[in-house]
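One file, query-v4.cif, carrying mmCIF, C-alpha atoms and all ligand atoms:
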data_protein
loop_
_atom_site.group_PDB
_atom_site.id
_atom_site.type_symbol
_atom_site.label_atom_id
_atom_site.label_comp_id
_atom_site.auth_asym_id
_atom_site.auth_seq_id
_atom_site.Cartn_x
_atom_site.Cartn_y
_atom_site.Cartn_z
ATOM 1 C CA MET A 1 -18.769 -127.245 -38.275
ATOM 2 C CA ASN A 2 -20.200 -126.087 -41.615
ATOM 3 C CA ASP A 3 -20.815 -129.691 -42.646
ATOM 4 C CA ILE A 4 -22.841 -130.218 -39.447
ATOM 5 C CA PHE A 5 -24.817 -127.023 -40.006
ATOM 6 C CA GLU A 6 -25.618 -128.145 -43.557
ATOM 7 C CA ALA A 7 -26.652 -131.621 -42.374
ATOM 8 C CA ILE A 8 -29.004 -130.082 -39.786
ATOM 9 C CA GLN A 9 -30.593 -127.962 -42.523
ATOM 10 C CA LYS A 10 -31.200 -131.130 -44.571
ATOM 11 C CA THR A 11 -32.801 -132.867 -41.579
ATOM 12 C CA ALA A 12 -35.073 -129.848 -41.051
ATOM 13 C CA ILE A 13 -36.338 -129.988 -44.635
ATOM 14 C CA ARG A 14 -36.949 -133.748 -44.399
ATOM 15 C CA ILE A 15 -38.651 -133.469 -40.988
ATOM 16 C CA LYS A 16 -40.916 -130.705 -42.301
ATOM 17 C CA ASP A 17 -41.958 -133.073 -45.125
ATOM 18 C CA ALA A 18 -42.520 -135.910 -42.636
ATOM 19 C CA ILE A 19 -44.740 -133.688 -40.461
ATOM 20 C CA ASP A 20 -46.699 -132.540 -43.513
ATOM 21 C CA VAL A 21 -47.424 -135.957 -44.994
ATOM 22 C CA LYS A 22 -47.532 -138.194 -41.953
ATOM 23 C CA ASP A 23 -50.721 -139.869 -40.720
ATOM 24 C CA ILE A 24 -50.299 -137.939 -37.555
ATOM 25 C CA GLY A 25 -48.773 -139.028 -34.327
ATOM 26 C CA TYR A 26 -50.105 -142.436 -33.493
ATOM 27 C CA SER A 27 -47.716 -145.293 -32.974
ATOM 28 C CA GLN A 28 -48.331 -148.668 -34.599
ATOM 29 C CA GLN A 29 -51.065 -147.253 -36.779
ATOM 30 C CA GLU A 30 -51.625 -148.911 -40.124
ATOM 31 C CA ASN A 31 -51.565 -146.772 -43.239
ATOM 32 C CA SER A 32 -53.895 -147.157 -46.213
ATOM 33 C CA SER A 33 -51.828 -149.988 -47.689
ATOM 34 C CA GLY A 34 -51.895 -151.897 -44.417
ATOM 35 C CA GLU A 35 -48.259 -151.188 -43.438
ATOM 36 C CA THR A 36 -47.455 -150.319 -39.871
ATOM 37 C CA GLN A 37 -46.601 -146.639 -39.600
ATOM 38 C CA LEU A 38 -43.556 -145.526 -37.726
ATOM 39 C CA GLN A 39 -44.334 -143.017 -34.979
ATOM 40 C CA LEU A 40 -43.416 -139.517 -36.150
ATOM 41 C CA ASP A 41 -40.753 -138.851 -33.518
ATOM 42 C CA LEU A 42 -39.046 -142.159 -34.306
ATOM 43 C CA GLN A 43 -39.143 -141.308 -37.980
ATOM 44 C CA CYS A 44 -37.524 -137.923 -37.251
ATOM 45 C CA ASP A 45 -34.893 -139.667 -35.134
ATOM 46 C CA LEU A 46 -33.980 -141.898 -38.082
ATOM 47 C CA ILE A 47 -33.813 -138.929 -40.462
ATOM 48 C CA ILE A 48 -31.318 -137.175 -38.178
ATOM 49 C CA GLU A 49 -29.275 -140.332 -37.620
ATOM 50 C CA GLU A 50 -29.095 -140.861 -41.377
ATOM 51 C CA GLU A 51 -27.995 -137.288 -42.194
ATOM 52 C CA LEU A 52 -25.437 -137.086 -39.355
ATOM 53 C CA SER A 53 -24.023 -140.489 -40.379
ATOM 54 C CA LYS A 54 -22.895 -138.841 -43.623
ATOM 55 C CA VAL A 55 -20.777 -136.257 -41.760
ATOM 56 C CA SER A 56 -17.317 -137.625 -41.010
ATOM 57 C CA SER A 57 -16.591 -135.030 -38.301
ATOM 58 C CA VAL A 58 -19.390 -136.472 -36.117
ATOM 59 C CA HIS A 59 -17.954 -138.969 -33.660
ATOM 60 C CA THR A 60 -21.032 -139.952 -31.617
ATOM 61 C CA ILE A 61 -24.706 -139.087 -31.442
ATOM 62 C CA ALA A 62 -27.158 -139.333 -28.555
ATOM 63 C CA SER A 63 -30.870 -138.978 -29.150
ATOM 64 C CA GLU A 64 -33.741 -138.323 -26.808
ATOM 65 C CA GLU A 65 -35.344 -141.315 -28.542
ATOM 66 C CA LYS A 66 -32.423 -143.717 -27.936
ATOM 67 C CA ASP A 67 -31.348 -145.349 -24.681
ATOM 68 C CA LYS A 68 -27.668 -145.284 -25.562
ATOM 69 C CA GLU A 69 -25.142 -143.218 -27.477
ATOM 70 C CA LEU A 70 -24.313 -144.328 -31.022
ATOM 71 C CA LEU A 71 -20.749 -144.180 -32.354
ATOM 72 C CA LEU A 72 -20.646 -142.970 -35.973
ATOM 73 C CA HIS A 73 -17.044 -142.105 -36.915
ATOM 74 C CA ASN A 74 -14.040 -143.007 -34.799
ATOM 75 C CA ASP A 75 -12.007 -140.114 -36.232
ATOM 76 C CA GLY A 76 -14.714 -137.492 -35.767
ATOM 77 C CA GLU A 77 -14.368 -134.772 -33.121
ATOM 78 C CA TYR A 78 -17.990 -133.729 -32.520
ATOM 79 C CA PHE A 79 -20.566 -135.312 -30.223
ATOM 80 C CA ILE A 80 -24.142 -134.330 -31.040
ATOM 81 C CA ALA A 81 -27.081 -134.737 -28.654
ATOM 82 C CA TYR A 82 -30.490 -134.074 -30.170
ATOM 83 C CA ASP A 83 -34.188 -134.168 -29.473
ATOM 84 C CA PRO A 84 -35.625 -135.064 -32.903
ATOM 85 C CA LEU A 85 -39.163 -133.762 -32.332
ATOM 86 C CA ASP A 86 -39.668 -131.993 -29.042
ATOM 87 C CA GLY A 87 -43.306 -131.570 -28.000
ATOM 88 C CA SER A 88 -44.364 -134.187 -30.549
ATOM 89 C CA SER A 89 -47.784 -134.584 -28.892
ATOM 90 C CA LEU A 90 -48.529 -131.039 -30.097
ATOM 91 C CA VAL A 91 -48.465 -132.175 -33.730
ATOM 92 C CA ASP A 92 -51.878 -133.759 -33.199
ATOM 93 C CA VAL A 93 -53.366 -130.412 -32.185
ATOM 94 C CA ASN A 94 -51.467 -128.513 -34.890
ATOM 95 C CA LEU A 95 -49.266 -126.405 -32.612
ATOM 96 C CA SER A 96 -45.590 -125.709 -33.302
ATOM 97 C CA VAL A 97 -42.919 -128.296 -32.511
ATOM 98 C CA GLY A 98 -39.147 -128.341 -32.872
ATOM 99 C CA SER A 99 -35.857 -130.194 -33.129
ATOM 100 C CA ILE A 100 -32.955 -129.337 -30.810
ATOM 101 C CA PHE A 101 -29.227 -130.059 -31.323
ATOM 102 C CA GLY A 102 -26.358 -129.628 -28.861
ATOM 103 C CA ILE A 103 -22.923 -129.847 -30.500
ATOM 104 C CA TYR A 104 -20.095 -130.854 -28.170
ATOM 105 C CA LYS A 105 -16.376 -131.189 -28.927
ATOM 106 C CA GLY A 106 -14.479 -134.232 -27.654
ATOM 107 C CA ALA A 107 -17.209 -135.534 -25.335
ATOM 108 C CA PHE A 108 -20.739 -134.768 -24.167
ATOM 109 C CA GLY A 109 -20.896 -132.184 -21.363
ATOM 110 C CA ALA A 110 -21.946 -128.544 -21.001
ATOM 111 C CA GLN A 111 -18.339 -127.337 -20.769
ATOM 112 C CA ASN A 112 -17.594 -128.963 -24.146
ATOM 113 C CA MET A 113 -20.452 -127.348 -26.027
ATOM 114 C CA VAL A 114 -19.217 -125.405 -29.064
ATOM 115 C CA ALA A 115 -22.465 -124.737 -30.901
ATOM 116 C CA SER A 116 -26.165 -125.215 -30.531
ATOM 117 C CA CYS A 117 -29.085 -125.226 -32.901
ATOM 118 C CA TYR A 118 -32.845 -125.585 -32.928
ATOM 119 C CA VAL A 119 -35.506 -125.652 -35.617
ATOM 120 C CA VAL A 120 -39.097 -124.465 -35.133
ATOM 121 C CA PHE A 121 -41.761 -126.123 -37.276
ATOM 122 C CA GLY A 122 -44.680 -123.702 -37.201
ATOM 123 C CA PRO A 123 -46.514 -121.798 -39.903
ATOM 124 C CA ARG A 124 -42.945 -121.210 -41.124
ATOM 125 C CA VAL A 125 -39.771 -123.203 -40.572
ATOM 126 C CA GLU A 126 -37.146 -121.180 -38.714
ATOM 127 C CA LEU A 127 -33.727 -122.237 -37.504
ATOM 128 C CA VAL A 128 -31.475 -120.668 -34.885
ATOM 129 C CA PHE A 129 -27.791 -121.531 -34.909
ATOM 130 C CA ALA A 130 -25.588 -120.252 -32.091
ATOM 131 C CA GLN A 131 -21.822 -120.128 -31.758
ATOM 132 C CA ASP A 132 -20.529 -116.807 -30.448
ATOM 133 C CA LYS A 133 -23.806 -115.187 -31.624
ATOM 134 C CA ALA A 134 -27.349 -116.516 -32.058
ATOM 135 C CA LYS A 135 -28.454 -116.250 -35.688
ATOM 136 C CA LEU A 136 -31.943 -116.688 -37.114
ATOM 137 C CA TYR A 137 -32.575 -118.354 -40.495
ATOM 138 C CA LEU A 138 -35.837 -118.816 -42.406
ATOM 139 C CA LEU A 139 -36.663 -121.641 -44.818
ATOM 140 C CA GLN A 140 -37.744 -120.165 -48.124
ATOM 141 C CA ALA A 141 -38.079 -122.059 -51.400
ATOM 142 C CA GLY A 142 -36.100 -125.007 -50.053
ATOM 143 C CA GLU A 143 -33.168 -122.972 -48.666
ATOM 144 C CA PHE A 144 -32.365 -121.494 -45.269
ATOM 145 C CA GLU A 145 -31.697 -117.760 -45.558
ATOM 146 C CA PHE A 146 -30.045 -115.670 -42.866
ATOM 147 C CA VAL A 147 -32.543 -113.215 -41.332
ATOM 148 C CA LYS A 148 -30.822 -111.516 -38.389
ATOM 149 C CA GLU A 149 -28.821 -111.850 -35.236
ATOM 150 C CA ILE A 150 -30.990 -112.365 -32.136
ATOM 151 C CA ARG A 151 -30.347 -110.114 -29.109
ATOM 152 C CA LEU A 152 -32.396 -110.131 -25.928
ATOM 153 C CA ASN A 153 -33.312 -106.886 -24.184
ATOM 154 C CA GLU A 154 -32.357 -106.430 -20.522
ATOM 155 C CA LYS A 155 -35.989 -107.026 -19.572
ATOM 156 C CA GLY A 156 -38.931 -108.620 -21.340
ATOM 157 C CA LYS A 157 -42.717 -108.892 -21.048
ATOM 158 C CA LEU A 158 -43.506 -112.615 -21.355
ATOM 159 C CA ASN A 159 -43.828 -115.250 -18.654
ATOM 160 C CA ALA A 160 -43.829 -118.958 -19.594
ATOM 161 C CA PRO A 161 -44.165 -121.044 -16.420
ATOM 162 C CA GLY A 162 -43.828 -124.808 -16.967
ATOM 163 C CA GLY A 163 -44.911 -127.766 -14.848
ATOM 164 C CA THR A 164 -48.114 -128.454 -12.947
ATOM 165 C CA GLN A 165 -48.908 -125.564 -10.582
ATOM 166 C CA GLN A 166 -50.280 -127.961 -7.976
ATOM 167 C CA ASN A 167 -46.743 -129.360 -7.635
ATOM 168 C CA TRP A 168 -44.874 -126.040 -7.469
ATOM 169 C CA GLU A 169 -43.128 -124.880 -4.312
ATOM 170 C CA PRO A 170 -44.961 -121.906 -2.721
ATOM 171 C CA TYR A 171 -41.955 -119.590 -3.274
ATOM 172 C CA HIS A 172 -41.913 -120.528 -6.952
ATOM 173 C CA LYS A 173 -45.603 -119.675 -7.302
ATOM 174 C CA GLU A 174 -45.026 -116.342 -5.536
ATOM 175 C CA MET A 175 -42.213 -115.542 -7.925
ATOM 176 C CA VAL A 176 -44.264 -116.430 -11.017
ATOM 177 C CA ASP A 177 -47.150 -114.324 -9.677
ATOM 178 C CA SER A 178 -44.806 -111.398 -8.996
ATOM 179 C CA PHE A 179 -44.055 -111.177 -12.716
ATOM 180 C CA PHE A 180 -47.759 -111.230 -13.596
ATOM 181 C CA ALA A 181 -48.367 -108.533 -10.970
ATOM 182 C CA GLU A 182 -45.784 -106.455 -12.799
ATOM 183 C CA GLY A 183 -47.622 -106.723 -16.131
ATOM 184 C CA TYR A 184 -45.989 -109.785 -17.688
ATOM 185 C CA ARG A 185 -48.225 -111.739 -20.069
ATOM 186 C CA LEU A 186 -48.691 -115.514 -20.005
ATOM 187 C CA ARG A 187 -47.338 -117.337 -23.056
ATOM 188 C CA TYR A 188 -47.113 -121.117 -22.731
ATOM 189 C CA SER A 189 -47.874 -123.661 -25.449
ATOM 190 C CA GLY A 190 -46.298 -126.742 -23.831
ATOM 191 C CA GLY A 191 -43.618 -126.878 -26.503
ATOM 192 C CA MET A 192 -40.235 -125.801 -25.238
ATOM 193 C CA VAL A 193 -38.962 -124.833 -28.682
ATOM 194 C CA PRO A 194 -41.752 -122.418 -29.698
ATOM 195 C CA ASP A 195 -42.067 -121.071 -26.139
ATOM 196 C CA LEU A 196 -38.369 -120.239 -25.849
ATOM 197 C CA HIS A 197 -38.256 -119.020 -29.453
ATOM 198 C CA GLN A 198 -41.098 -116.587 -28.791
ATOM 199 C CA ILE A 199 -39.293 -115.083 -25.795
ATOM 200 C CA LEU A 200 -36.097 -114.751 -27.832
ATOM 201 C CA LEU A 201 -37.796 -113.044 -30.778
ATOM 202 C CA LYS A 202 -40.001 -110.778 -28.663
ATOM 203 C CA GLY A 203 -37.024 -109.370 -26.811
ATOM 204 C CA GLY A 204 -37.156 -111.214 -23.493
ATOM 205 C CA GLY A 205 -39.084 -112.643 -20.573
ATOM 206 C CA LEU A 206 -38.844 -115.790 -18.510
ATOM 207 C CA PHE A 207 -39.315 -119.485 -19.296
ATOM 208 C CA SER A 208 -39.222 -121.686 -16.216
ATOM 209 C CA TYR A 209 -39.413 -125.407 -15.610
ATOM 210 C CA PRO A 210 -38.750 -125.748 -11.876
ATOM 211 C CA ALA A 211 -38.194 -128.678 -9.560
ATOM 212 C CA THR A 212 -41.670 -129.868 -8.566
ATOM 213 C CA SER A 213 -42.920 -132.278 -5.906
ATOM 214 C CA ASP A 214 -43.483 -134.957 -8.564
ATOM 215 C CA LYS A 215 -40.294 -134.129 -10.550
ATOM 216 C CA PRO A 216 -37.623 -132.939 -8.070
ATOM 217 C CA GLU A 217 -34.986 -132.903 -10.838
ATOM 218 C CA GLY A 218 -37.254 -131.113 -13.306
ATOM 219 C CA LYS A 219 -38.538 -132.577 -16.553
ATOM 220 C CA LEU A 220 -36.300 -131.204 -19.269
ATOM 221 C CA ARG A 221 -33.215 -133.136 -20.289
ATOM 222 C CA ARG A 222 -29.779 -131.624 -19.843
ATOM 223 C CA LEU A 223 -27.978 -132.774 -22.982
ATOM 224 C CA PHE A 224 -30.856 -132.572 -25.457
ATOM 225 C CA GLU A 225 -32.866 -129.576 -24.234
ATOM 226 C CA VAL A 226 -31.417 -127.651 -21.298
ATOM 227 C CA PHE A 227 -27.757 -127.131 -22.321
ATOM 228 C CA PRO A 228 -28.550 -126.339 -25.985
ATOM 229 C CA PHE A 229 -31.054 -123.623 -25.020
ATOM 230 C CA ALA A 230 -28.786 -122.304 -22.250
ATOM 231 C CA PHE A 231 -26.067 -121.869 -24.888
ATOM 232 C CA VAL A 232 -28.442 -120.043 -27.263
ATOM 233 C CA TYR A 233 -29.739 -117.730 -24.507
ATOM 234 C CA GLU A 234 -26.223 -116.820 -23.392
ATOM 235 C CA ALA A 235 -25.188 -116.158 -27.012
ATOM 236 C CA ALA A 236 -28.228 -113.863 -27.332
ATOM 237 C CA GLY A 237 -27.221 -111.859 -24.244
ATOM 238 C CA GLY A 238 -29.569 -113.599 -21.805
ATOM 239 C CA GLU A 239 -28.963 -116.000 -18.947
ATOM 240 C CA ALA A 240 -29.868 -119.568 -18.032
ATOM 241 C CA ILE A 241 -29.748 -120.993 -14.507
ATOM 242 C CA ASN A 242 -31.103 -123.911 -12.464
ATOM 243 C CA GLY A 243 -32.229 -121.494 -9.752
ATOM 244 C CA LYS A 244 -28.801 -120.869 -8.241
ATOM 245 C CA GLU A 245 -26.112 -121.965 -10.707
ATOM 246 C CA ASN A 246 -25.552 -121.292 -14.401
ATOM 247 C CA LEU A 247 -26.853 -124.244 -16.377
ATOM 248 C CA MET A 248 -23.675 -124.309 -18.464
ATOM 249 C CA SER A 249 -21.646 -125.022 -15.319
ATOM 250 C CA LEU A 250 -23.562 -128.213 -14.523
ATOM 251 C CA GLY A 251 -22.374 -131.741 -15.170
ATOM 252 C CA HIS A 252 -24.334 -134.860 -16.027
ATOM 253 C CA SER A 253 -23.902 -138.503 -15.106
ATOM 254 C CA HIS A 254 -26.270 -140.050 -17.626
ATOM 255 C CA ILE A 255 -27.281 -138.890 -21.100
ATOM 256 C CA HIS A 256 -30.938 -138.656 -20.050
ATOM 257 C CA ASP A 257 -30.363 -136.602 -16.870
ATOM 258 C CA THR A 258 -32.776 -133.715 -16.328
ATOM 259 C CA SER A 259 -32.490 -130.379 -14.498
ATOM 260 C CA PRO A 260 -34.758 -127.597 -13.275
ATOM 261 C CA CYS A 261 -34.176 -124.672 -15.626
ATOM 262 C CA PHE A 262 -34.856 -120.965 -16.071
ATOM 263 C CA PHE A 263 -34.087 -119.081 -19.286
ATOM 264 C CA GLY A 264 -34.566 -115.374 -19.723
ATOM 265 C CA SER A 265 -33.230 -111.901 -20.018
ATOM 266 C CA LYS A 266 -31.038 -110.477 -17.278
ATOM 267 C CA TYR A 267 -33.770 -108.725 -15.285
ATOM 268 C CA GLU A 268 -35.958 -111.815 -14.850
ATOM 269 C CA ILE A 269 -33.066 -114.168 -14.129
ATOM 270 C CA ALA A 270 -31.785 -111.801 -11.415
ATOM 271 C CA ARG A 271 -35.180 -112.178 -9.676
ATOM 272 C CA VAL A 272 -35.078 -115.987 -9.973
ATOM 273 C CA ARG A 273 -31.555 -116.030 -8.525
ATOM 274 C CA ASP A 274 -32.610 -113.787 -5.674
ATOM 275 C CA VAL A 275 -35.678 -115.912 -4.781
ATOM 276 C CA TYR A 276 -33.905 -119.255 -5.117
ATOM 277 C CA SER A 277 -30.751 -118.166 -3.265
ATOM 278 C CA LYS A 278 -32.927 -117.695 -0.149
ATOM 279 C CA GLN A 279 -34.071 -121.333 -0.240
ATOM 280 C CA GLY A 280 -32.146 -124.117 1.490
HETATM 281 P P1 LIG B 301 -43.698 -133.760 -24.742
HETATM 282 O O1 LIG B 301 -42.608 -134.033 -25.772
HETATM 283 O O2 LIG B 301 -43.989 -134.936 -23.853
HETATM 284 O O3 LIG B 301 -44.930 -133.161 -25.367
HETATM 285 O O4 LIG B 301 -43.102 -132.681 -23.722
HETATM 286 C C1 LIG B 301 -42.683 -131.438 -24.182
HETATM 287 C C2 LIG B 301 -41.737 -130.872 -23.196
HETATM 288 O O5 LIG B 301 -40.634 -131.727 -23.015
HETATM 289 C C3 LIG B 301 -41.240 -129.475 -23.545
HETATM 290 O O6 LIG B 301 -41.229 -129.227 -24.909
HETATM 291 C C4 LIG B 301 -42.194 -128.563 -22.807
HETATM 292 O O7 LIG B 301 -41.640 -127.329 -22.481
HETATM 293 C C5 LIG B 301 -42.527 -129.346 -21.580
HETATM 294 O O8 LIG B 301 -42.407 -130.715 -21.944
HETATM 295 C C6 LIG B 301 -43.937 -129.084 -21.098
HETATM 296 O O9 LIG B 301 -44.170 -129.778 -19.921
HETATM 297 P P2 LIG B 301 -45.437 -129.445 -18.975
HETATM 298 O O10 LIG B 301 -46.659 -129.794 -19.785
HETATM 299 O O11 LIG B 301 -45.248 -130.310 -17.781
HETATM 300 O O12 LIG B 301 -45.412 -127.968 -18.638
#

Show the structure stored in the file as C-alpha cells.
Amino acid sequence: MNDIFEAIQKTAIRIKDAIDVKDIGYSQQENSSGETQLQLDLQCDLIIEEELSKVSSVHTIASEEKDKELLLHNDGEYFIAYDPLDGSSLVDVNLSVGSIFGIYKGAFGAQNMVASCYVVFGPRVELVFAQDKAKLYLLQAGEFEFVKEIRLNEKGKLNAPGGTQQNWEPYHKEMVDSFFAEGYRLRYSGGMVPDLHQILLKGGGLFSYPATSDKPEGKLRRLFEVFPFAFVYEAAGGEAINGKENLMSLGHSHIHDTSPCFFGSKYEIARVRDVYSKQG
C-alpha cells in the first residue's frame, strides 16, 4: 500500500505542474508552436496511468476518463478507480479542483475498498489518505508532510446542496431549507473535492447530490467519486448514505454507474435518513 501512496503523491506533484503551466482547459487547442494541446483532464489521466503502471501491486485501473478498465499487472492485488481531475471546468475560472482515488483489493466494489485518497489543488496542494483513519497531508517544498488526523464533529454548520434546484423533489428542497432555517451556511463551489474537503476540515455539515428529475440515479460516479468519499467520511467519524442505505453497502454493475449521495456528520445524516425513509 505504501508504494501506491507514494505513486499518488508523485501524480499530485505532476498534476499540480500540469495545471500551473497548461494553456488552460480547452480541448484541441493549438499551442504556440502549432502542436495540438491535450485537454488537461486527459493529460492528468495519462500522468496517473503512467505512475500507477510502475507499481507492481496494482492489478487494474479504471479512470473516469476511460470507457474500460485497464489491466496493468497480472500478479497485482489492488484495483484502483480514479477521477484524474474532478471539476476540471473550474480550472478555467481558477477555483479549486481535485483528483480522487478508490483503492480496492481483489476486485472493484465498495465492499472491497481498503483505502481511499483525494488531492485538492487550491491555493495549496493538500492530500487526504484514509485507511482506518483519515489523515491530512500538505505539499511543502516538493514533499507531502503529515498535518493531522481529520475528525468530524457530531454536527456541523455548512450546507452544500448539489444539482439543479428546479429538478429537486419537494421533500428534498424542504430538507435543504430546514438546515438553512437552523443557521447552516451555504458553501458550494461545484467541485466535489473542495466542497467535501471544506466540510471535513470545518468540522462537519452536509454535502448532498440527490436523485433529480433529470438525473434519477444522481450525477456522481460510484467507483470514482461516491465510494472513495464515503470511505473517507466514515474514517473521519461521519456517515455517507444514498438517502436510505449506507453508500458502502451498495453494489455496481458498470464502472461508470452513479448514485444519489449524502455525506456529512452524524446529526445531518440522521435528518436525511429520517426524511428519505418516509418516501416510497
Ligand atoms: P464537472 O467535472 O463536469 O465540472 O462536474 C463536477 C462534479 O462532478 C462534482 O465535482 C460536483 O460536485 C458536481 O459535478 C457539481 O454538479 P452540479 O453543478 O450539477 O451541482

Quiz item: Got a sec to check which residues lie within 10 Å of ligand LIG 301 (chain B), using all atoms listed in the file, and send them as a PyMOL selection string?
Solution: chain A and resi 41+64+83+85-91+97-99+160-165+188-196+207-210+212+215+218-221+225

Quiz item: Skipping near chain neighbours, those fewer than 2 positions away, what residues fall within 12 Å of Asn2 of chain A using all atoms listed in the file, listed as a ChimeraX atom specification?
Solution: /A:4-9,55-58,115,129,131

Exercise. Pick out the residues sitting within 12 Å of segment 268-280 of chain A, and hand them over as a ChimeraX atom specification; count only C-alpha atoms, and ignore anything fewer than 5 positions along from it in its own chain.
Key: /A:152-160,169-176,178-180,182,184,199,204-211,233-234,237-246,260-263

Quiz prompt | Pick from A:Thr11, A:Val120, A:Asn74, A:Val21 nearest to Leu46 of chain A, counting only C-alpha atoms | solution = A:Thr11

Self-check item: the PyMOL selection byres (((chain A and resi 249) around 12) and not hetatm) resolved against shown file, as a list in words
Solution: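 Residues picked by the PyMOL selection byres (((chain A and resi 249) around 12) and not hetatm): Gly109, Ala110, Gln111, Asn112, Met113, Arg222, Val226, Phe227, Ala230, Phe231, Ala240, Ile241, Asn242, Lys244, Glu245, Asn246, Leu247, Met248, Leu250, Gly251 and His252 of chain A.
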
Quiz item: At what distance in Å, to one decimal, does atom CA of Pro84 of chain A lie from atom CA of Asp45 of chain A?
Solution: 5.2 Å

Practice problem: Calculate how many Å separate atom CA of Ser96 of chain A from atom CA of Lys16 of chain A, rounding to one decimal. | Solution: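 The value is 11.3 Å.
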
Quiz prompt | Nearest-residue call for Gln198 of chain A, choices A:Phe224, A:Ile15, A:Glu126, A:Glu143, using only C-alpha atoms | solution =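 For Gln198 of chain A, the nearest of the candidates is A:Glu126.
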
Exercise. Choose the residue, out of A:Asp67, A:Glu77, A:Glu50, A:Asp17, that has the smallest atom-to-atom separation from Met1 of chain A; count all atoms listed in the file.
Key: A:Glu77

Practice problem: Would you mind listing what lies within 12 Å of Ala130 of chain A as an NGL selection string, with only C-alpha atoms counted and same-chain residues fewer than 5 positions away left out? | Solution: :A and (1 or 5 or 100-103 or 113-119 or 135-137 or 148-151 or 228-237)

Given 4 Å on each side, where is the centre and what are the edge lengths in Å to one decimal of the axis-aligned box enclosing the listed atoms of segment 199-202 of chain A, as lines of an AutoDock Vina configuration file?
center_x = -38.0
center_y = -112.9
center_z = -28.3
size_x = 11.9
size_y = 12.3
size_z = 13.0
